[in-house]
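Below is one structure; the comments refer to it alone.
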Amino acid sequence: MFELDGPQRLRLTVAVLRWRNGERNVETEHRHTSPERLDRLRHGLRLTLNNVPSRRGIWWAELRQARVKPCESQWSNLFKASLDELDAAAEVDTRAELLSVGAQAVGTRSKLLGDEGLRRTDLCVTYRADDLIVPVVAYTITRVLPILREWPA
């Protein structure tokens, strides 16, 4: 479990979960005193963590961005995002932040994973399998901060 504290009364308990079938994800366990719009993180928008089959001990996560829809409920979904969009919503240099906490690389799925599918141009991050910090930072940049700052869809 990780405690995230920040601006606008941000206080979340975030967990990296490992399931019996080997799957992993990052999700919010408790909102505490954070703004109510962050409840969305307790009901979805998990960050799925995947192993890289061709690289033993290396995992990856997609860097899709949560964006808030302009409606009363402030519902949010995930969208493909460029590095500039990730940087703007989180107010950080995404690549530099992820690399500074131990990420192996930040780039497209095509470049880092050899993906030739429809989402080959989507961004992702690779990291060592035993590293829990990189996925939590990726979750914070792609989910928590955009919703906190009400980044529009």
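Letters A, B, ... go to the chains of the structure tokens in the order shown; residues in each chain start at 1; ligands are counted from 1 in the same order.
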
Inset, instruction - From a DSSP calculation on the backbone, collect every residue of region 1-136 of chain A in strand (DSSP E or B) and output the set as a VMD selection string. - result: chain A and resid 2 to 6 10 to 18 24 to 30 47 to 51 58 to 62 65 to 68 76 to 79 105 to 108 123 to 128

Once you count only C-alpha atoms, what closest atom pair and distance in Å to one decimal does each residue of region 1-93 of chain A within 12 Å of region 98-110 of chain A have, with rows by chain and rising residue number, as a Markdown table?
```
| residue | atom | partner | partner_atom | distance |
| --- | --- | --- | --- | --- |
| A:Val52 | CA | A:Arg109 | CA | 10.9 |
| A:Arg55 | CA | A:Gln104 | CA | 11.9 |
| A:Gly57 | CA | A:Gln104 | CA | 11.6 |
| A:Ile58 | CA | A:Gln104 | CA | 8.7 |
| A:Trp59 | CA | A:Gln104 | CA | 9.6 |
| A:Trp60 | CA | A:Arg109 | CA | 9.3 |
| A:Ala61 | CA | A:Arg109 | CA | 9.6 |
| A:Glu62 | CA | A:Arg109 | CA | 8.1 |
| A:Leu63 | CA | A:Val106 | CA | 9.1 |
| A:Arg64 | CA | A:Thr108 | CA | 11.4 |
| A:Lys80 | CA | A:Thr108 | CA | 11.2 |
| A:Ala81 | CA | A:Thr108 | CA | 10.9 |
| A:Ser82 | CA | A:Thr108 | CA | 9.8 |
| A:Leu83 | CA | A:Gly107 | CA | 9.1 |
| A:Leu86 | CA | A:Leu98 | CA | 11.9 |
| A:Asp87 | CA | A:Leu98 | CA | 11.6 |
| A:Val92 | CA | A:Leu98 | CA | 10.2 |
| A:Asp93 | CA | A:Leu98 | CA | 8.6 |
```

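Distances here use only C-alpha atoms; by that measure, the residue among A:Pro135, A:Gly44, A:Pro7, A:Gly114 closest to Ser76 (chain A) is A:Gly44.
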
Legend entry - Residues near Leu41 (chain A), cut-off 8 Å, only C-alpha atoms, skip fewer than 6 positions along chain, as number ranges by chain: A: 27-28, 143-144

Legend entry - From A:Gln65, A:Asp5, A:Asn25, A:Glu116, residue lying nearest Thr94 (chain A) [only C-alpha atoms]: A:Gln65

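Interatomic distance, CA of Asp131 (chain A) to CA of Pro35 (chain A): 28.8 Å.
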
Inset, instruction - From the DSSP assignment of the backbone, select every residue of chain A that is alpha helix (DSSP H), and format the answer as a VMD selection string. - result: chain A and resid 83 to 90 94 to 100 109 to 113 133 to 139 145 to 148

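Take the candidates A:Pro53, A:Phe2, A:Val68, A:Arg31 and check each one against Leu17 (chain A) using only C-alpha atoms; the shortest distance goes to A:Phe2.
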
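Nearest residue to Glu23 (chain A), choosing from A:Leu45, A:Ala96, A:Ala129, A:Leu113 and counting only C-alpha atoms: A:Ala129.
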
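The neighbours of His30 (chain A) here are the residues that come within 8 Å of it, using only C-alpha atoms and leaving out any residue fewer than 3 positions away in the same chain; they are A:Leu12, A:Thr13, A:Val14, A:Arg42.
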
Any chance you can output those residues with all heavy atoms as a PDB file, in the first residue's frame?
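Saved result, part26.pdb, follows:
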```
ATOM      1  N   LEU A  12      -4.822   9.651  -0.849  1.00  0.00           N
ATOM      2  CA  LEU A  12      -5.333   8.381  -1.344  1.00  0.00           C
ATOM      3  C   LEU A  12      -4.468   7.240  -0.836  1.00  0.00           C
ATOM      4  O   LEU A  12      -3.257   7.397  -0.694  1.00  0.00           O
ATOM      5  CB  LEU A  12      -5.301   8.328  -2.882  1.00  0.00           C
ATOM      6  CG  LEU A  12      -6.141   9.315  -3.677  1.00  0.00           C
ATOM      7  CD1 LEU A  12      -5.831   9.169  -5.165  1.00  0.00           C
ATOM      8  CD2 LEU A  12      -7.613   9.106  -3.415  1.00  0.00           C
ATOM      9  N   THR A  13      -5.097   6.096  -0.606  1.00  0.00           N
ATOM     10  CA  THR A  13      -4.359   4.859  -0.387  1.00  0.00           C
ATOM     11  C   THR A  13      -4.449   4.076  -1.688  1.00  0.00           C
ATOM     12  O   THR A  13      -5.544   3.778  -2.179  1.00  0.00           O
ATOM     13  CB  THR A  13      -4.956   4.037   0.769  1.00  0.00           C
ATOM     14  OG1 THR A  13      -4.916   4.832   1.951  1.00  0.00           O
ATOM     15  CG2 THR A  13      -4.167   2.755   0.984  1.00  0.00           C
ATOM     16  N   VAL A  14      -3.283   3.783  -2.247  1.00  0.00           N
ATOM     17  CA  VAL A  14      -3.176   3.097  -3.537  1.00  0.00           C
ATOM     18  C   VAL A  14      -2.461   1.771  -3.314  1.00  0.00           C
ATOM     19  O   VAL A  14      -1.517   1.698  -2.531  1.00  0.00           O
ATOM     20  CB  VAL A  14      -2.395   3.984  -4.541  1.00  0.00           C
ATOM     21  CG1 VAL A  14      -2.116   3.252  -5.824  1.00  0.00           C
ATOM     22  CG2 VAL A  14      -3.163   5.271  -4.808  1.00  0.00           C
ATOM     23  N   ARG A  42     -11.934   4.505  -7.290  1.00  0.00           N
ATOM     24  CA  ARG A  42     -12.285   3.332  -6.493  1.00  0.00           C
ATOM     25  C   ARG A  42     -13.203   2.389  -7.261  1.00  0.00           C
ATOM     26  O   ARG A  42     -13.424   1.261  -6.840  1.00  0.00           O
ATOM     27  CB  ARG A  42     -12.972   3.764  -5.190  1.00  0.00           C
ATOM     28  CG  ARG A  42     -12.018   4.478  -4.246  1.00  0.00           C
ATOM     29  CD  ARG A  42     -12.632   4.852  -2.918  1.00  0.00           C
ATOM     30  NE  ARG A  42     -13.232   3.687  -2.282  1.00  0.00           N
ATOM     31  CZ  ARG A  42     -14.533   3.592  -1.983  1.00  0.00           C
ATOM     32  NH1 ARG A  42     -15.367   4.560  -2.270  1.00  0.00           N
ATOM     33  NH2 ARG A  42     -14.986   2.513  -1.389  1.00  0.00           N
TER      34      ARG A  42
END
```

Legend entry - Neighbour list for Lys111 (chain A) as a list in words, cut-off 9 Å, only C-alpha atoms, skip fewer than 4 positions in-chain: Gly107, Asp115, Arg120 and Thr121 of chain A

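Straight-line separation from CA of Leu132 (chain A) to CA of Ala15 (chain A): 9.4 Å.
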